[in-house]
>>> print(open('my_file_26.txt').read())   # compact mmCIF, C-alpha atoms
# COMPACT_ATOMS: atom_id res chain seq x y z
CA MET A 102 17.70 30.92 3.04
CA LYS A 103 14.87 29.04 1.31
CA ASN A 104 11.90 27.94 3.39
CA GLN A 105 13.12 29.54 6.60
CA PHE A 106 10.23 31.99 6.70
CA LYS A 107 6.77 31.25 8.05
CA THR A 108 3.65 32.09 6.06
CA GLY A 109 2.52 35.52 7.18
CA ILE A 110 3.58 39.16 7.35
CA SER A 111 6.40 40.96 9.14
CA ILE A 112 5.56 44.66 9.50
CA VAL A 113 8.60 46.94 9.65
CA ILE A 114 7.94 50.44 11.01
CA PRO A 115 10.92 52.83 11.05
CA THR A 116 10.59 55.61 13.58
CA TYR A 117 12.43 58.57 15.08
CA ASN A 118 11.10 60.69 17.96
CA ASP A 119 7.48 60.18 16.90
CA ALA A 120 6.13 58.28 19.92
CA THR A 121 2.68 59.89 19.77
CA ILE A 122 1.90 59.00 16.18
CA LEU A 123 3.69 55.64 16.47
CA GLU A 124 1.15 54.76 19.15
CA LYS A 125 -1.67 55.64 16.76
CA THR A 126 -0.21 53.20 14.21
CA LEU A 127 0.21 50.40 16.74
CA ALA A 128 -3.34 50.93 18.02
CA THR A 129 -4.78 50.27 14.55
CA LEU A 130 -2.66 47.13 14.20
CA THR A 131 -4.34 45.69 17.31
CA LYS A 132 -7.67 45.68 15.43
CA GLN A 133 -6.68 43.54 12.44
CA THR A 134 -8.96 40.80 11.12
CA LEU A 135 -5.91 38.68 10.25
CA ASP A 136 -5.09 36.01 12.83
CA PHE A 137 -2.50 37.49 15.20
CA ALA A 138 -0.42 34.34 14.78
CA LEU A 139 0.16 35.32 11.15
CA PHE A 140 1.90 38.65 11.68
CA GLU A 141 4.53 40.40 13.74
CA VAL A 142 5.34 44.07 14.21
CA ILE A 143 8.96 45.25 14.16
CA VAL A 144 9.57 48.80 15.35
CA ALA A 145 12.95 49.93 14.01
CA ASP A 146 14.12 52.94 16.00
CA ASP A 147 16.62 55.35 14.40
CA GLY A 148 17.90 56.68 17.72
CA SER A 149 14.82 58.20 19.37
CA SER A 150 15.22 60.09 22.63
CA ASP A 151 11.49 60.43 23.39
CA GLU A 152 9.04 57.86 24.83
CA THR A 153 9.20 55.53 21.80
CA LYS A 154 10.48 52.53 23.77
CA GLU A 155 7.78 52.99 26.42
CA VAL A 156 5.08 53.08 23.74
CA VAL A 157 6.42 49.83 22.29
CA GLN A 158 6.42 48.22 25.73
CA LYS A 159 2.80 49.30 26.21
CA TYR A 160 1.76 47.21 23.19
CA SER A 161 4.13 44.30 23.71
CA ASP A 162 1.47 42.23 25.49
CA ILE A 163 -1.12 42.86 22.76
CA LEU A 164 0.92 42.44 19.59
CA ASN A 165 3.70 40.08 18.56
CA LEU A 166 6.08 43.00 18.84
CA LYS A 167 9.84 43.37 18.39
CA TYR A 168 11.90 46.47 19.03
CA CYS A 169 15.32 47.20 17.56
CA PHE A 170 17.37 50.34 18.13
CA GLN A 171 20.31 52.04 16.48
CA SER A 172 22.09 55.10 17.84
CA ASP A 173 21.29 58.51 16.41
CA LYS A 174 23.91 59.32 13.78
CA GLY A 175 21.70 61.48 11.61
CA PHE A 176 19.05 60.46 9.09
CA ARG A 177 19.55 56.71 8.50
CA VAL A 178 16.11 55.43 7.52
CA ALA A 179 17.54 53.07 4.89
CA HIS A 180 19.85 51.53 7.50
CA VAL A 181 17.14 51.24 10.15
CA ARG A 182 14.67 49.66 7.70
CA ASN A 183 17.33 47.07 6.92
CA LEU A 184 17.79 46.52 10.65
CA GLY A 185 14.07 45.89 11.00
CA LEU A 186 14.09 43.60 7.95
CA SER A 187 16.84 41.49 9.54
CA TYR A 188 14.42 40.61 12.36
CA ALA A 189 11.67 39.40 9.99
CA THR A 190 10.49 35.81 10.44
CA PHE A 191 7.52 35.80 8.03
CA SER A 192 7.50 35.20 4.28
CA ARG A 193 6.31 38.69 3.39
CA THR A 194 7.45 42.05 4.71
CA LEU A 195 5.17 45.07 4.84
CA PHE A 196 6.82 48.46 5.25
CA LEU A 197 4.66 51.04 7.00
CA ASP A 198 5.68 54.53 7.99
CA THR A 199 5.20 55.75 11.53
CA GLY A 200 1.83 57.48 11.53
CA MET A 201 0.17 55.16 9.02
CA LEU A 202 -3.23 54.27 10.45
CA VAL A 203 -4.57 51.13 8.81
CA ALA A 204 -7.96 49.61 8.07
CA SER A 205 -8.88 46.48 10.01
CA ASN A 206 -8.60 44.30 6.89
CA LEU A 207 -5.29 45.69 5.60
CA LEU A 208 -3.06 42.77 6.61
CA GLU A 209 -5.61 40.20 5.46
CA SER A 210 -5.78 41.97 2.10
CA HIS A 211 -2.00 41.97 1.64
CA LEU A 212 -1.57 38.35 2.62
CA SER A 213 -4.41 37.10 0.42
CA HIS A 214 -2.87 38.83 -2.60
CA HIS A 215 0.55 37.39 -1.81
CA LEU A 216 -0.84 33.87 -1.45
CA ALA A 217 -2.68 34.20 -4.77
CA ALA A 218 0.44 35.53 -6.57
CA PRO A 219 3.53 34.64 -4.51
CA ASP A 220 6.05 36.70 -6.49
CA VAL A 221 4.33 40.09 -6.43
CA THR A 222 5.29 43.35 -4.82
CA ILE A 223 2.23 45.23 -3.56
CA ILE A 224 1.88 49.01 -3.51
CA GLY A 225 -0.75 50.27 -1.10
CA LEU A 226 -2.55 53.59 -1.43
CA SER A 227 -3.22 55.88 1.53
CA TYR A 228 -5.43 58.82 2.32
CA GLY A 229 -3.43 61.98 2.98
CA VAL A 230 -0.46 61.06 0.79
CA GLU A 231 0.96 63.83 -1.34
CA GLU A 232 4.32 63.83 -3.03
CA TYR A 233 6.27 66.11 -0.71
CA SER A 234 3.84 67.64 1.79
CA SER A 235 0.40 67.56 3.38
CA THR A 236 -1.94 70.51 2.84
CA ASN A 237 -5.12 69.01 4.27
CA ALA A 238 -4.10 68.29 7.85
CA LYS A 239 -7.01 70.13 9.48
CA LYS A 240 -9.62 68.39 7.35
CA ILE A 241 -8.09 64.96 7.99
CA LYS A 242 -8.12 65.53 11.75
CA SER A 243 -11.70 66.82 11.68
CA LEU A 244 -12.94 63.71 9.85
CA LEU A 245 -10.84 61.18 11.75
CA ILE A 246 -12.50 58.88 14.27
CA GLU A 247 -9.52 57.27 15.97
CA GLN A 248 -11.68 54.70 17.78
CA ASP A 249 -13.10 53.52 14.44
CA ILE A 250 -10.62 53.87 11.58
CA ASP A 251 -12.85 51.98 9.15
CA ALA A 252 -15.62 54.54 9.70
CA SER A 253 -13.08 57.32 9.19
CA PHE A 254 -12.16 55.89 5.80
CA SER A 255 -15.82 56.05 4.81
CA ASN A 256 -15.69 59.76 5.65
CA PHE A 257 -12.50 60.30 3.66
CA SER A 258 -13.86 58.49 0.59
CA THR A 259 -16.16 61.42 -0.20
CA HIS A 260 -13.31 63.96 -0.11
CA PRO A 261 -11.16 63.57 -3.25
CA GLU A 262 -8.71 66.19 -2.01
CA LEU A 263 -7.67 63.68 0.68
CA TRP A 264 -7.12 60.79 -1.70
CA ASP A 265 -3.64 59.47 -2.42
CA CYS A 266 -2.02 61.69 -5.05
CA ARG A 267 -1.41 58.58 -7.21
CA TYR A 268 -5.04 57.47 -7.20
CA GLN A 269 -6.48 59.36 -10.18
CA TYR A 270 -3.66 58.36 -12.50
CA LEU A 271 -3.85 54.73 -11.41
CA LYS A 272 -7.62 54.74 -11.88
CA SER A 273 -7.09 56.01 -15.45
CA ILE A 274 -5.08 52.85 -16.24
CA ASN A 275 -7.55 50.60 -14.35
CA PHE A 276 -4.93 50.02 -11.64
CA GLU A 277 -2.98 47.81 -14.06
CA LEU A 278 0.67 48.62 -13.41
CA ARG A 279 1.71 46.64 -16.49
CA ASN A 280 0.14 49.52 -18.43
CA MET A 281 2.40 52.01 -16.65
CA PRO A 282 5.98 52.84 -17.59
CA ALA A 283 8.46 52.59 -14.70
CA PRO A 284 6.00 51.52 -11.96
CA TRP A 285 8.91 51.55 -9.52
CA CYS A 286 8.61 55.35 -9.38
CA ILE A 287 5.53 54.95 -7.12
CA PHE A 288 7.15 52.33 -4.88
CA TRP A 289 6.88 54.44 -1.72
CA THR A 290 7.59 52.62 1.51
CA GLY A 291 4.90 54.38 3.49
CA HIS A 292 2.81 51.33 2.59
CA VAL A 293 4.27 48.52 0.43
CA SER A 294 4.89 44.79 0.82
CA SER A 295 7.11 42.24 -0.88
CA ASN A 296 8.78 38.84 -0.54
CA THR A 297 11.08 38.83 2.50
CA GLU A 298 13.58 36.43 0.97
CA LEU A 299 13.84 38.50 -2.22
CA LEU A 300 14.29 41.72 -0.26
CA LEU A 301 17.19 40.15 1.62
CA GLN A 302 18.71 38.69 -1.54
CA LEU A 303 18.71 42.16 -3.09
CA GLY A 304 20.47 43.58 -0.04
CA GLY A 305 17.51 45.60 1.21
CA PHE A 306 17.77 49.37 1.03
CA ASP A 307 20.88 51.11 -0.23
CA GLU A 308 22.44 52.63 2.88
CA TRP A 309 24.15 55.38 0.88
CA PHE A 310 20.95 57.37 1.36
CA SER A 311 21.33 59.67 4.36
CA SER A 312 18.66 62.26 3.59
CA TRP A 313 14.96 62.13 2.75
CA GLY A 314 13.73 60.71 -0.53
CA GLY A 315 14.58 58.08 -3.09
CA GLU A 316 15.78 55.12 -1.06
CA ASP A 317 12.43 53.42 -1.59
CA VAL A 318 12.30 54.15 -5.33
CA GLU A 319 15.84 52.84 -5.74
CA LEU A 320 14.89 49.55 -4.10
CA GLY A 321 11.81 49.52 -6.32
CA ILE A 322 14.08 49.70 -9.38
CA ARG A 323 16.02 46.64 -8.20
CA LEU A 324 12.84 44.71 -7.42
CA TYR A 325 11.50 45.55 -10.88
CA LYS A 326 14.76 44.58 -12.59
CA SER A 327 14.68 41.25 -10.75
CA GLY A 328 11.46 40.42 -12.61
CA CYS A 329 9.15 40.92 -9.65
CA PRO A 330 5.64 41.91 -10.84
CA PHE A 331 4.15 45.03 -9.25
CA ILE A 332 0.46 45.33 -8.36
CA VAL A 333 -1.49 48.06 -6.58
CA LEU A 334 -4.37 47.75 -4.14
CA PRO A 335 -7.05 50.01 -5.65
CA SER A 336 -8.83 50.70 -2.36
CA MET A 337 -7.22 53.05 0.16
CA GLN A 338 -6.77 51.06 3.35
CA SER A 339 -4.46 53.37 5.25
CA LEU A 340 -4.16 56.98 6.32
CA ASN A 341 -0.99 59.02 6.52
CA TYR A 342 -1.64 60.88 9.78
CA PRO A 343 -0.63 64.57 9.41
CA HIS A 344 2.62 65.56 11.04
CA LEU A 345 5.19 68.32 10.60
CA ARG A 346 7.37 68.20 7.49
CA ASP A 347 9.66 70.62 5.68
CA ALA A 348 8.43 70.26 2.11
CA SER A 349 11.07 72.55 0.57
CA ALA A 350 13.92 70.71 2.28
CA LYS A 351 12.49 67.36 1.19
CA THR A 352 12.29 68.52 -2.42
CA THR A 353 15.95 69.56 -2.33
CA THR A 354 17.24 66.33 -0.84
CA ALA A 355 15.05 64.24 -3.14
CA ILE A 356 16.61 65.89 -6.19
CA ASN A 357 20.12 65.28 -4.87
CA ASN A 358 19.25 61.64 -4.27
CA ILE A 359 17.81 61.28 -7.77
CA LYS A 360 21.24 62.23 -9.12
CA TYR A 361 22.68 59.28 -7.19
CA ILE A 362 19.97 56.96 -8.53
CA TYR A 363 20.87 58.00 -12.07
CA ARG A 364 24.56 57.31 -11.46
CA LYS A 365 23.72 53.87 -10.05
CA HIS A 366 21.08 52.93 -12.64
CA ALA A 367 22.18 54.75 -15.77
CA CYS A 368 19.21 54.21 -18.08
CA GLU A 369 16.76 56.36 -20.02
CA GLU A 370 14.13 56.33 -17.26
CA THR A 371 16.51 57.46 -14.51
CA ARG A 372 18.07 60.03 -16.86
CA MET A 373 14.61 61.51 -17.40
CA MET A 374 14.11 61.64 -13.62
CA LEU A 375 16.82 64.32 -13.49
CA LYS A 376 14.57 66.70 -15.44
CA HIS A 377 11.26 65.36 -14.15
CA PRO A 378 11.65 64.50 -10.43
CA SER A 379 7.87 64.47 -9.91
CA TRP A 380 6.60 60.92 -10.45
CA LEU A 381 3.60 62.11 -12.49
CA ASP A 382 5.69 64.33 -14.77
CA LEU A 383 8.06 61.42 -15.32
CA ILE A 384 5.22 59.04 -16.19
CA LYS A 385 3.68 61.53 -18.62
CA LYS A 386 7.00 62.05 -20.41
CA LEU A 387 7.71 58.32 -20.57
CA THR A 388 4.20 57.66 -21.89
CA ILE A 389 4.65 60.25 -24.65
CA LYS A 390 8.05 58.82 -25.52
CA THR A 391 6.63 55.28 -25.69
CA SER A 392 3.74 56.44 -27.90
CA HIS A 393 6.12 58.19 -30.29
CA GLN A 394 8.28 55.08 -30.42
CA LYS A 395 5.29 52.90 -31.32
CA ILE A 396 4.23 55.30 -34.09
CA TYR A 397 7.76 55.29 -35.48
CA GLU A 398 7.84 51.49 -35.49
CA LEU A 399 4.46 51.35 -37.32
CA ILE A 400 5.63 53.81 -39.98
CA ASN A 401 8.86 51.96 -40.52
>>> encode(input="my_file_26.txt", output="structure tokens")
Amino acid sequence: MKNQFKTGISIVIPTYNDATILEKTLATLTKQTLDFALFEVIVADDGSSDETKEVVQKYSDILNLKYCFQSDKGFRVAHVRNLGLSYATFSRTLFLDTGMLVASNLLESHLSHHLAAPDVTIIGLSYGVEEYSSTNAKKIKSLLIEQDIDASFSNFSTHPELWDCRYQYLKSINFELRNMPAPWCIFWTGHVSSNTELLLQLGGFDEWFSSWGGEDVELGIRLYKSGCPFIVLPSMQSLNYPHLRDASAKTTTAINNIKYIYRKHACEETRMMLKHPSWLDLIKKLTIKTSHQKIYELIN
């Protein structure tokens, strides 16, 4: 498998019956500052019955675009992300959710960081990202200029309520994930990138997951255990476009999936996830535990 991948970025976008917001994502990818020869876009379709394929065809002459499809057998985002990953031909893979609108320099930013530190996994921050739901949809839409995403981000920057829910905590640790316990708990595949070869070696996403939540964090645990350093891009270079979600249902399935993660990775951190499913609560508890441990070691 070594050396079979070209220098550049493969973007994997899983989708299901979201043709309208998928088009918004693809439109922003046509405006990238990165040379178009250095990236490809892979739309991985989890059985859509809407106009998704037609939207992809519309952009096939503009982008280096691939389309892969699996039949609809229920929620299989882990499986369809792996399907998309299997089509990757570049050395780094960037996972973006359908509906992520990206700044013009996003791909250039990811690739430059990967070239400077080849082993890293990069976590990207996004406007409009909350843990389970979006409560600022109207404000986002009122400030959004779809013809000029970069200008939109300037608008969003003055509205802290629209900032990524992870931003304030990460700012408090100077965006240094080595200062954060269990950084894999914020490995959310709405906007992350990593080494394609390593992702394949680890087997990609665990296809046990058949409901929302946790399949990205579980892969994050395996990446972290493999020794892969995690870094975060401090500037928000993407927007999670508002769309309908059932927050209560997502919370329920996420908790069920956390139980599976604990069974698979039986350690103190995943045990604590059972009581503290919110990433921030988990980090706070782990930080307190680490501080107490250090004090104990100093006393003894």
>>> atom_distance(input="my_file_26.txt", atom1="atom CA of A:Glu308", atom2="atom CA of A:Ser192")
23.0 Å
>>> closest_residue(input="my_file_26.txt", among="A:Gly304, A:Pro261, A:Pro343, A:Pro282", to="A:Lys239", atoms="all atoms listed in the file")
A:Pro343
>>> residues_around(input="my_file_26.txt", residues="A:Gly315", least_positions_apart="3", cutoff="7 Å", atoms="all atoms listed in the file", output="PDB file with C-alpha atoms, in the coordinates of the input")
ATOM      1  CA  VAL A 318      12.300  54.150  -5.330  1.00  0.00           C
ATOM      2  CA  GLU A 319      15.840  52.840  -5.740  1.00  0.00           C
ATOM      3  CA  ALA A 355      15.050  64.240  -3.140  1.00  0.00           C
ATOM      4  CA  ASN A 358      19.250  61.640  -4.270  1.00  0.00           C
ATOM      5  CA  ILE A 359      17.810  61.280  -7.770  1.00  0.00           C
TER       6      ILE A 359
END
>>> atom_distance(input="my_file_26.txt", atom1="atom CA of A:Asn341", atom2="atom CA of A:Phe310")
22.6 Å
>>> residues_around(input="my_file_26.txt", residues="A:Ile384", least_positions_apart="2", cutoff="10 Å", atoms="only C-alpha atoms", output="number ranges by chain")
A: 270, 281-284, 286-287, 370, 373-374, 377, 379-382, 386-390
>>> atom_distance(input="my_file_26.txt", atom1="atom CA of A:Lys167", atom2="atom CA of A:Ile332")
28.4 Å
>>> closest_residue(input="my_file_26.txt", among="A:Asn183, A:Ser327, A:Ser294, A:Asn280", to="A:Ser210", atoms="all atoms listed in the file")
A:Ser294
>>> residues_around(input="my_file_26.txt", residues="A:Ala179", least_positions_apart="3", cutoff="9 Å", atoms="only C-alpha atoms", output="PyMOL selection string")
chain A and resi 176+182-184+305-311+316-317
>>> residues_near_point(input="my_file_26.txt", point="(8.9, 40.5, -4.4)", cutoff="8 Å", atoms="only C-alpha atoms", output="PDB file with C-alpha atoms, keeping the file's coordinate frame")
ATOM      1  CA  PRO A 219       3.530  34.640  -4.510  1.00  0.00           C
ATOM      2  CA  ASP A 220       6.050  36.700  -6.490  1.00  0.00           C
ATOM      3  CA  VAL A 221       4.330  40.090  -6.430  1.00  0.00           C
ATOM      4  CA  THR A 222       5.290  43.350  -4.820  1.00  0.00           C
ATOM      5  CA  SER A 294       4.890  44.790   0.820  1.00  0.00           C
ATOM      6  CA  SER A 295       7.110  42.240  -0.880  1.00  0.00           C
ATOM      7  CA  ASN A 296       8.780  38.840  -0.540  1.00  0.00           C
ATOM      8  CA  THR A 297      11.080  38.830   2.500  1.00  0.00           C
ATOM      9  CA  LEU A 299      13.840  38.500  -2.220  1.00  0.00           C
ATOM     10  CA  LEU A 300      14.290  41.720  -0.260  1.00  0.00           C
ATOM     11  CA  LEU A 324      12.840  44.710  -7.420  1.00  0.00           C
ATOM     12  CA  CYS A 329       9.150  40.920  -9.650  1.00  0.00           C
ATOM     13  CA  PRO A 330       5.640  41.910 -10.840  1.00  0.00           C
TER      14      PRO A 330
END
>>> residues_around(input="my_file_26.txt", residues="stretch 161-163 of chain A", least_positions_apart="3", cutoff="10 Å", atoms="all atoms listed in the file", output="number ranges by chain")
A: 127-128, 130-131, 137, 142, 155-158, 166-168
>>> closest_residue(input="my_file_26.txt", among="A:Thr126, A:Thr134, A:Asn118, A:Asn237", to="A:Asp173", atoms="all atoms listed in the file")
A:Asn118
>>> closest_residue(input="my_file_26.txt", among="A:Leu186, A:Val230, A:Leu340, A:Ile224", to="A:Ile246", atoms="only C-alpha atoms")
A:Leu340
>>> decode(input="my_file_26.txt", residues="stretch 296-317 of chain A", atoms="N, CA and C atoms", output="PDB file, in the first residue's frame")
ATOM      1  N   ASN A 296      -4.330  10.832   7.373  1.00  0.00           N
ATOM      2  CA  ASN A 296      -3.542  10.083   6.395  1.00  0.00           C
ATOM      3  C   ASN A 296      -4.383   8.949   5.796  1.00  0.00           C
ATOM      4  N   THR A 297      -4.526   8.940   4.492  1.00  0.00           N
ATOM      5  CA  THR A 297      -5.376   7.946   3.824  1.00  0.00           C
ATOM      6  C   THR A 297      -4.894   6.526   4.090  1.00  0.00           C
ATOM      7  N   GLU A 298      -3.588   6.320   3.981  1.00  0.00           N
ATOM      8  CA  GLU A 298      -3.044   4.979   4.190  1.00  0.00           C
ATOM      9  C   GLU A 298      -3.319   4.491   5.605  1.00  0.00           C
ATOM     10  N   LEU A 299      -3.142   5.370   6.589  1.00  0.00           N
ATOM     11  CA  LEU A 299      -3.392   4.979   7.980  1.00  0.00           C
ATOM     12  C   LEU A 299      -4.867   4.660   8.196  1.00  0.00           C
ATOM     13  N   LEU A 300      -5.750   5.476   7.636  1.00  0.00           N
ATOM     14  CA  LEU A 300      -7.181   5.214   7.771  1.00  0.00           C
ATOM     15  C   LEU A 300      -7.547   3.829   7.240  1.00  0.00           C
ATOM     16  N   LEU A 301      -6.958   3.475   6.112  1.00  0.00           N
ATOM     17  CA  LEU A 301      -7.228   2.156   5.530  1.00  0.00           C
ATOM     18  C   LEU A 301      -6.615   1.045   6.365  1.00  0.00           C
ATOM     19  N   GLN A 302      -5.411   1.261   6.878  1.00  0.00           N
ATOM     20  CA  GLN A 302      -4.761   0.266   7.719  1.00  0.00           C
ATOM     21  C   GLN A 302      -5.582  -0.032   8.972  1.00  0.00           C
ATOM     22  N   LEU A 303      -6.231   1.012   9.497  1.00  0.00           N
ATOM     23  CA  LEU A 303      -7.044   0.843  10.702  1.00  0.00           C
ATOM     24  C   LEU A 303      -8.418   0.259  10.400  1.00  0.00           C
ATOM     25  N   GLY A 304      -8.734   0.085   9.128  1.00  0.00           N
ATOM     26  CA  GLY A 304     -10.019  -0.493   8.755  1.00  0.00           C
ATOM     27  C   GLY A 304     -11.139   0.505   8.603  1.00  0.00           C
ATOM     28  N   GLY A 305     -10.782   1.812   8.611  1.00  0.00           N
ATOM     29  CA  GLY A 305     -11.812   2.837   8.447  1.00  0.00           C
ATOM     30  C   GLY A 305     -12.782   2.856   9.613  1.00  0.00           C
ATOM     31  N   PHE A 306     -14.017   3.195   9.330  1.00  0.00           N
ATOM     32  CA  PHE A 306     -15.039   3.283  10.364  1.00  0.00           C
ATOM     33  C   PHE A 306     -15.571   1.899  10.723  1.00  0.00           C
ATOM     34  N   ASP A 307     -15.938   1.745  11.967  1.00  0.00           N
ATOM     35  CA  ASP A 307     -16.524   0.501  12.446  1.00  0.00           C
ATOM     36  C   ASP A 307     -17.962   0.431  11.943  1.00  0.00           C
ATOM     37  N   GLU A 308     -18.266  -0.539  11.125  1.00  0.00           N
ATOM     38  CA  GLU A 308     -19.579  -0.619  10.487  1.00  0.00           C
ATOM     39  C   GLU A 308     -20.655  -1.214  11.388  1.00  0.00           C
ATOM     40  N   TRP A 309     -20.302  -1.499  12.645  1.00  0.00           N
ATOM     41  CA  TRP A 309     -21.336  -1.873  13.623  1.00  0.00           C
ATOM     42  C   TRP A 309     -22.329  -0.736  13.797  1.00  0.00           C
ATOM     43  N   PHE A 310     -21.845   0.492  13.712  1.00  0.00           N
ATOM     44  CA  PHE A 310     -22.698   1.656  13.968  1.00  0.00           C
ATOM     45  C   PHE A 310     -23.782   1.755  12.891  1.00  0.00           C
ATOM     46  N   SER A 311     -25.027   1.739  13.338  1.00  0.00           N
ATOM     47  CA  SER A 311     -26.159   1.836  12.401  1.00  0.00           C
ATOM     48  C   SER A 311     -27.181   2.859  12.878  1.00  0.00           C
ATOM     49  N   SER A 312     -26.720   3.780  13.713  1.00  0.00           N
ATOM     50  CA  SER A 312     -27.545   4.906  14.151  1.00  0.00           C
ATOM     51  C   SER A 312     -26.618   6.072  14.432  1.00  0.00           C
ATOM     52  N   TRP A 313     -27.182   7.271  14.578  1.00  0.00           N
ATOM     53  CA  TRP A 313     -26.367   8.478  14.638  1.00  0.00           C
ATOM     54  C   TRP A 313     -25.490   8.516  15.880  1.00  0.00           C
ATOM     55  N   GLY A 314     -24.236   8.935  15.697  1.00  0.00           N
ATOM     56  CA  GLY A 314     -23.384   9.292  16.817  1.00  0.00           C
ATOM     57  C   GLY A 314     -22.353   8.256  17.218  1.00  0.00           C
ATOM     58  N   GLY A 315     -21.105   8.689  17.300  1.00  0.00           N
ATOM     59  CA  GLY A 315     -20.068   7.863  17.903  1.00  0.00           C
ATOM     60  C   GLY A 315     -19.137   7.156  16.963  1.00  0.00           C
ATOM     61  N   GLU A 316     -19.558   6.944  15.702  1.00  0.00           N
ATOM     62  CA  GLU A 316     -18.673   6.212  14.786  1.00  0.00           C
ATOM     63  C   GLU A 316     -17.410   7.007  14.484  1.00  0.00           C
ATOM     64  N   ASP A 317     -17.517   8.339  14.517  1.00  0.00           N
ATOM     65  CA  ASP A 317     -16.337   9.165  14.287  1.00  0.00           C
ATOM     66  C   ASP A 317     -15.418   9.169  15.509  1.00  0.00           C
TER      67      ASP A 317
END
